[in-house]
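So the structure is just underneath, and the comments pick up after that.
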Amino acid sequence: MTDKIGIHWFRLDLRLNDNPAIENLSKDVDSILPIYIYDESQFMGQASKCWLENSLQSLNTKLNNLNSQLYIFRGNPKKIINKIIQNKKITHFYWNRLYDKDSINRDKDLKSFLLQNSISCQSFNGYLLTEPWNIQNKSGNFFKVFTPFWKTNYELLKNTKLDLSANKKYNFYNQNINFNLNFQELNLNTPKKIWMKKILSYWKVGEDEAKNKLKNFIKFKLKNYSSGRDRPDTELTSRLSPHLHFGEISPKRIFSEVIKSNINEDNKRKYLSEIGWRDFSYNLLYNYPKMTKEPIQTKFNKFPWLRDNKSLKSWKLGKTGIPIIDAGMKELYETGWMHNRVRMIAGSFLTKNLLIHWKEGEKWFFDCLVDADIGSNTAGWQWIAGSGADASPYFRIFNPILQGKKFDPNGEYVRKFIPSLKKIPDKFVHSPWEMSSQEQEKYNFFIGKDYLLPILDLSETRKRALAAFKSISE
DNA sequence: TGAAATGTTGGGGCG
DNA sequence: ACGCCCCAACATTTC
């Protein structure tokens, strides 16, 4: 029994397929010990915790079927890893890389610690299409604008053979370790159990479901993606974002399946560019590690944000009196997800009409979204606030009524989350306050009773935002 | 991955 | 028949 044992440390790569660390480990050792460490000191939103718990269970079931299990621990990774490697048969320790500053520092430290202990330690790319240090413009700098970034990245990928591992049966470890936790002991500290249960009722979690969603997306939705992706009243997005976040599916798998599919080029390109935005966000995060806390454009340090807790609360609860905003915020709270178009409208409303700091929105989204992701979420918020690298220009202020009419023309989306709007005709569904008192009488729908009066004047706050942005431009 | 303000054009009503 | 005005409809500019 001198078999070599290698540890695979799962983080945001909760899958067995297309997992480069596992694939490489399987070549270098006889048996793979799969571990997960829950580190409470690492901030995680409520919705994410819930998804995580379910995703770990799903992964554990898959490992059970391979006569093994997921070995779960809780606490400081270095201390736990130090304890695990007391088993002298452990010769290798692999993982897939992460790209935020805290993870990078932690992993660097661990790598040298493991090497000191004569354990072979390697890391791999299991999370991105192209890692930030492998993509540069002609002058050798990182890209700050999406379009040229994606053009370069796309060409790079199109000409590379993506080595996706086939559905392999790896040899996983199955001996007892006496200090790992079972799932009852894991308890991820989610006090709002009922809320979480509700959110999860809208989702299936895990690697198999991710594959399934991709397959059905390509089969039924991709051909209408280009125009459909902007319509929250349809179901034409892939909804793969939470699966991607937890690494239940790899972006390379998505890229390769979409390219292979027999769908017209325009729709494919449009969808893949959304996967490209994810890589771009990580490219920014890696090169501007401070972007999670500070504006990328430094002039935004002196932006006159307002502190307005009352309005912030109205926004969070979907009580602004603007149907498309309220529907979006309710979709978020109810299902843990919000349609991308509506995320932009709601983000513009918070940062431009309310002049509330994008970090407040970012925090709320991070807590409520099942796809909460440090790269995409902060990049998205900086983009909409105007402080991002190639952000939406400051004067680009969405008018939520026009956006509603354009992208939810029959009001199906807003009525889904604000049922009282079912009583009134399409004409008023995005601006019910425009109904005369006779019309309110006629439809038995009264502003103030069946729906709120808007908390602000759109035209006035638009002008106020333009003035505020003007004050920081040189 | 905007919206509003302003400018231009052209058809139709009308004297 | 013609010029004038009005005002959609569309285009361009500005924020």
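Chains: A, B, ... in order of the structure tokens. Residues: from 1 per chain. Ligands: from 1, in order shown.
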
| Per DSSP on the backbone, what are the strand (DSSP E) residues of region 116-285 of chain A, as a ChimeraX atom specification? | /A:120-124

For the interface of chain C with region 2-6 of chain B (cut-off 12 Å, counting only C-alpha atoms (C1' of nucleotides)), please tabulate each contacting residue of chain C alongside its nearest pair of atoms and their separation in Å to one decimal, rows sorted by chain and increasing number, as a tab-separated table.
residue	atom	partner	partner_atom	distance
C:DA11	C1'	B:DT6	C1'	10.4
C:DT12	C1'	B:DT6	C1'	8.2
C:DT13	C1'	B:DT6	C1'	7.2
C:DT14	C1'	B:DA5	C1'	7.3
C:DC15	C1'	B:DA4	C1'	8.2

| query | Any idea what the distance is between CA of Asn76 (chain A) and CA of Leu244 (chain A)? | reply |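 Those two atoms sit 25.2 Å apart.
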
| message | If I take CA of Lys302 (chain A) and CA of Ile472 (chain A), how far is one from the other in Å, to one decimal? | response | 6.7 Å

| Contact set, chain A to chain B: 10 Å, only C-alpha atoms (C1' of nucleotides), as a PyMOL selection string | chain A and resi 230+340-341+344+384+392-393+395-399+402-403+459+462

Wanna dump the chain A-chain C contacts at 10 Å for me, each residue with its shortest atom pair and the distance in Å to one decimal, counting only C-alpha atoms (C1' of nucleotides), ordered by chain and number, as a tab-separated table?
residue	atom	partner	partner_atom	distance
A:Tyr394	CA	C:DC15	C1'	9.2
A:Phe395	CA	C:DC15	C1'	6.0
A:Arg396	CA	C:DC15	C1'	8.8
A:Lys463	CA	C:DC15	C1'	9.4
A:Leu466	CA	C:DC15	C1'	7.4
A:Ala467	CA	C:DC15	C1'	9.9
A:Lys470	CA	C:DC15	C1'	9.8

| field | Residue nearest Gly375 (chain A) - candidates A:Leu156, A:Ile322, A:Leu332, A:Met291, atoms counted: only C-alpha atoms | value |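 Going through A:Leu156, A:Ile322, A:Leu332, A:Met291 one by one, the smallest distance to Gly375 (chain A) is for A:Met291.
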
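From CA of Leu59 (chain A) back to CA of Tyr173 (chain A), the distance works out to 14.5 Å.
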
| request: Go through region 196-355 of chain A and collect every residue that DSSP, computed from the backbone, puts in alpha helix (DSSP H); the answer should be as a PyMOL selection string. | output: chain A and resi 196-200+207-216+225-228+241-245+251-260+265-287+309-317+323-335+340-348

Please list as a tab-separated table (two decimals) with C-alpha atoms, in the first residue's frame every residue within 7 Å of Tyr271 (chain A), counting only C-alpha atoms (C1' of nucleotides) and excluding residues in the same chain fewer than 4 positions away.
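Now in out28.tsv:
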chain	number	residue	atom	x	y	z
A	225	TYR	CA	-31.00	34.72	-28.76
A	267	ASN	CA	-26.92	34.34	-32.61
A	275	ILE	CA	-19.50	34.61	-22.03
